[in-house]
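Worksheet for the structure shown next.
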Amino acid sequence: MSLLELKNVSKIYGDLKALDSVNVHVDKGEWVAIMGPSGSGKSTMMNIIGCMDRPTYGEVLLDGVDIAKESSKKLTDIRRDKIGLIFQQFHMVNYLTAVENVMVSQYYHSMPDEQEALEALGRVGLRERAHHLPSQLSGGEQQRVCVARALINHPELILADEPTGNLDEANENIVLDLFAQLHAEGTTLIVVTHDPEVADAAQRTIVLEHGKVAREVINEHFDEQQKEWLARLKTENKRVMPV
Amino acid sequence: MLIALLSIGIGATILAGLVTIYVDVPRQMGAQFRSFGANMLILSDGEKGMSKAQLDKALENIPAGQLVGAAPYRYVRVDMTTRQQSFTAAGTDFDQITKTSPYFSIEGRYPENPREVLVGKEIAETIGIREGSGMELTWQPAAGETAGDPSGDRQPGAILSGSAEGWSGGTVYVTVKLDDSSRIASLTIDAGTQTPEIGGLTQTDDSFNSQFVGKSLPLTLGEDVDALSGATITSTAVVEALNTARNTQSAGTAMTIKYTVTGILATGGEEESYVFMSLEDMAGLTGSDAVDVAELSVSASAEELETYAEQITENTDGVRARLVKRVTRSETAVLGKLQSLVFLVTAVVLILTMICVSTTMMAVVSERRREIGLRKALGASDGSIRTEFLGEGMFLGLLGGVLGAVLGFAFAQVVSVNVFGSSITFQPLLLPTAVIVSMGVAALSCLQPIKRAVAIDPAIVLKDE
Ligand SMILES: Nc1ncnc2c1ncn2[C@@H]1O[C@H](COP(=O)(O)OP(=O)(O)OP(=O)(O)O)[C@@H](O)[C@H]1O
Ligand SMILES: [Mg+2]
């Protein structure tokens with residue numbers, strides 16, 4: 001079933017076509033990677049999907065609603081209710097503790113609930129670091145807090161722009177573990193990356209070049225891969241989150 | 001943030017201070033302006049001046065609580081023959097002068113004893129006189145003023161003064177007031193230069209003093225009056241002084257009395273060219289205790305003053321009152337100017353505060369733009385961003401307002417004590433006023449920064465910087 005559909009989406013800055021008649025289709029529960037050289041329009045596309053920007057032309061259907069035509073107030077509502085965002089630069093509020101950062105997301109969505117926020121931190125393995133400030137956390141830990149923040153409101157779609165861009169291999173794997181778990185839960189994931197390993201973890205990779213979809217690569221081994229991931233997670237005694 | 005708080009605090013301080021002073025100033029100003037001089041004059045209708053009784057009757061028209069002071073003045077021309085100078089001498093009541101003319105600044109002290117004078121600075125400089133110097137003044141009656149008649153008797157009701165040498169070269173002074181039939185009605189003897197016991201006796205011993213009452217001048221000691229026992233020389237001097245007084249002042253001859261200067265008067269005005277003495281001394285010199293004019297300081301509004309002046313003129317024979325327009329008018333004018341000045345300063349301070357707070361909040365917004373972008377990306381609506389910043393601003397306003405009310409009151413207190421020399425009471429309304437105004441100012445100054453914050457694009461969080 002279709003969650004997201006980009007139809008002939010273009011984004012034009014002056015005479016620069018950041019996106020040029022892009023057609024993309026993402027099903028509910030799919031895990032999609034987006035690759036492409038710098039300046040190819042990946043972030044531009046994420047902004048549009050994330051309801052933070054509007055295309056110059058084209059339709060963007062999210063759950064059947066054309067978000068290209070919605071008011072910015074409505075876009076904020078959609079973003080808050082349906083989308084979880086993860087960024088390359090983590091972006092935590094630097095004077096708030098880990099758990100408070102998670103609660104910021106709850107605050108705008110519904111009601112801050114510390115217990116729930118602590119549970120979410122538990123899911124990313126940071127239960128004991130909950131009351132640390134961002135400055136007291138490593139980059140990997142900060143990114144895991146951001147994952148917890150992104151999933152706290154149970155979004156249908158998680159958008160991650162270079163989530164592992166600033167992480168070492170070990171932390172990259174932890175984040176990929178979390179993505180695998182989210183995927184197992186049925187969350188739709190769109191991950192922008194430069195890293196082929198991160199892209200290989202996804203079901204499908206869309207490659208952008210000069211604002212156009214250059215090609216799509218289906219990961220033939222995804223199902224086996226996923227099984228292996230989950231098996232390994234089980235042996236490592238990591239909890240798989242209930243759906 | 002701290003800067004914003006401080007600027008609101010300072011703004012509120014100045015505001016609260018000014019408002020406090022402003023509320024308190026009319027009260028203070030009233031007293032202040034009175035210190036710039038009298039605001040009403042009582043004048044005699046005739047040539048001869050008014051009597052003490054007339055003046056008292058006139059003053060009855062002013063409620064006691066509102067009459068700050070009433071200084072009578074009698075002006076005559078006197079000569080200082082030793083220096084060949086001539087000045088205006090003013091007889092007055094020094095107790096009242098301190099009330100009607102508090103700006104009189106004296107080097108030395110006010111006269112307290114008989115034959116002491118206050119000399120204007122200009123005179124003092126011209127003739128090189130100082131505090132403690134002696135000064136001989138001569139009053140020469142003008143042709144029309146001649147009090148005596150050809151027989152040498154003073155007119156009924158006249159006052160005579162004279163002196164004579166007593167024990168061991170000291171001078172004895174006497175002043176008598178004549179009754180309607182030119183007999184002695186009362187007598188004052190100043191024998192301070194004699195031995196202390198006798199000096200004291202001449203003032204207190206009724207049996208000595210009272211024997212003069214009812215007698216006509218000249219007198220002979222041993223016949224008309226008896227000497228004070230053990231003080232024949234002093235008693236002789238008293239009688240001689242009385243006879244001298246009668247003789248020298250009869251037939252319009254000049255009267256010369258030696259005075260001691262107790263202080264030099266500086267006012268910056270024409271008073272500096274006067275010699276001031278008590279009304280009693282003036283009576284001793286000129287033989288009359290009439291008053292030319294009385295300067296009144298009345299604590300009342302312009303309309304009230306007008307009414308009082310009319311009443312006095314109407315109710316008192318031979319006397320009229322008029323207002324010293326200069327002072328009453330300038331009082332109102334200055335108050336009006338002060339009011340606009342306070343408003344102006346307040347407005348400027350508020351605008352400056354607003355600019356400062358606005359700039360600081362602007363800086364805060366741009367410093368936190370990533371965080372604001374993040375919050376928006378996480379789903380914060382424009383409304384909640386607005387509320388957050390407004391809340392922050394209002395909180396600053398609240399803190400600043402409380403701080404300002406307290407500091408402002410302290411500031412006003414200091415100003416009041418230093419400028420007006422009196423303390424002020426805390427206005428309970430000041431606190432809520434300061435808080436509301438500073439919260440309002442804070443809210444207003446947050447408008448632009450909030451606009452800026454709301455305009456922040458959540459997509460900035462996706463841009464790496
Ligand atoms: N606000 C903007 N105004 C003008 N040009 C823009 C704007 N945002 C992006 N661009 C341009 O659009 C093109 C696509 O930018 P985009 O950020 O989508 O690239 P990207 O694929 O995310 O690159 P990277 O891998 O470096 O993050 C770039 O050439 C960029 O300069
Ligand atoms: Mg990018």
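Ordering of the structure tokens sets the chain letters (A, B, ...), residue numbers begin anew at 1 in every chain, and ligands are numbered from 1 in the order given.
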
Exercise for review: Write out as an MDAnalysis selection string the residues lying within 10 Å of Tyr107 of chain A, counting only C-alpha atoms and excluding same-chain residues fewer than 5 positions away.
Suggested key: (chainID A and resid 100:102 112:113) or (chainID B and resid 378:380)

Atoms kept (N, CA, C and O atoms) for selection, written as a tab-separated table (two decimals), in the first residue's frame:
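Printed below is out_30.tsv as written:
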chain	number	residue	atom	x	y	z
A	100	GLU	N	14.83	15.05	28.49
A	100	GLU	CA	14.06	16.28	28.20
A	100	GLU	C	14.01	16.56	26.70
A	100	GLU	O	13.00	17.04	26.19
A	101	ASN	N	15.11	16.24	26.00
A	101	ASN	CA	15.11	16.41	24.56
A	101	ASN	C	14.05	15.52	23.91
A	101	ASN	O	13.38	15.93	22.96
A	102	VAL	N	13.91	14.31	24.44
A	102	VAL	CA	12.88	13.42	23.90
A	102	VAL	C	11.50	14.00	24.23
A	102	VAL	O	10.58	13.98	23.40
A	112	PRO	N	4.01	15.78	27.45
A	112	PRO	CA	5.27	15.16	27.88
A	112	PRO	C	4.97	14.06	28.91
A	112	PRO	O	4.14	14.25	29.79
A	113	ASP	N	5.59	12.91	28.71
A	113	ASP	CA	5.40	11.80	29.62
A	113	ASP	C	6.78	11.21	29.88
A	113	ASP	O	7.34	10.51	29.04
B	378	LEU	N	10.32	19.57	14.85
B	378	LEU	CA	9.72	18.54	15.70
B	378	LEU	C	8.22	18.76	15.87
B	378	LEU	O	7.56	18.03	16.59
B	379	GLY	N	7.70	19.80	15.23
B	379	GLY	CA	6.25	19.96	15.24
B	379	GLY	C	5.73	21.15	16.02
B	379	GLY	O	4.53	21.26	16.24
B	380	ALA	N	6.63	22.05	16.45
B	380	ALA	CA	6.15	23.23	17.17
B	380	ALA	C	5.41	24.14	16.20
B	380	ALA	O	5.91	24.45	15.13

Practice item. Report as number ranges by chain which protein, DNA and RNA residues come within 10 Å of ligand 1, using only C-alpha atoms and all ligand atoms. Key: A: 11-19, 34-47, 53, 88, 161-162, 192-194, 208-211; B: 459-460, 462-464

Review point. Counting only C-alpha atoms, which residues of chain B come no farther than 12 Å from chain A, as a ChimeraX atom specification?
Key: /B:368-385,388,454-465

**Study point:** Test item: residues at most 12 Å from Gln84 of chain B, only C-alpha atoms, excluding those fewer than 6 positions along its chain, as a list of chain:residue names
**Key:** B:Val78, B:Thr126, B:Ile127, B:Glu136, B:Leu137, B:Thr138

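Interatomic distance, atom CA of Asp93 of chain B against atom CA of Ser297 of chain B: 13.9 Å.
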
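Going from atom CA of Ser163 of chain B over to atom CA of Gly132 of chain B, you cover 20.5 Å.
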
Practice item. Give the strand (DSSP E) residues of segment 191-355 of chain B, as assigned by DSSP on the backbone, as a list of chain:residue names. Key: B:Met255, B:Thr256, B:Ile257, B:Lys258, B:Tyr259, B:Thr260, B:Val261, B:Thr262, B:Gly263, B:Ile264, B:Leu265, B:Ala266, B:Tyr274, B:Val275, B:Phe276, B:Met277, B:Ser278, B:Val293, B:Ala294, B:Glu295, B:Leu296, B:Ser297, B:Val298, B:Val319, B:Arg320, B:Ala321, B:Arg322, B:Leu323

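When atom CA of Leu187 of chain B is paired with atom CA of Val119 of chain B, their separation reads 27.6 Å.
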
Review point. Taking into account only C-alpha atoms, which residue in the set A:Val24, A:Glu59, A:Val147, A:Glu172 is nearest to Arg204 of chain A?
Key: A:Val24

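Counting only C-alpha atoms and all ligand atoms, the residue from A:Ser21, A:Arg54, A:Tyr95, A:Val191 that sits nearest to ligand 2 is A:Val191.
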
Practice item. May I have the residues within 6 Å of Ile190 of chain A as a PyMOL selection string, using only C-alpha atoms and disregarding those fewer than 4 positions away in the same chain? Key: chain A and resi 32-33+159
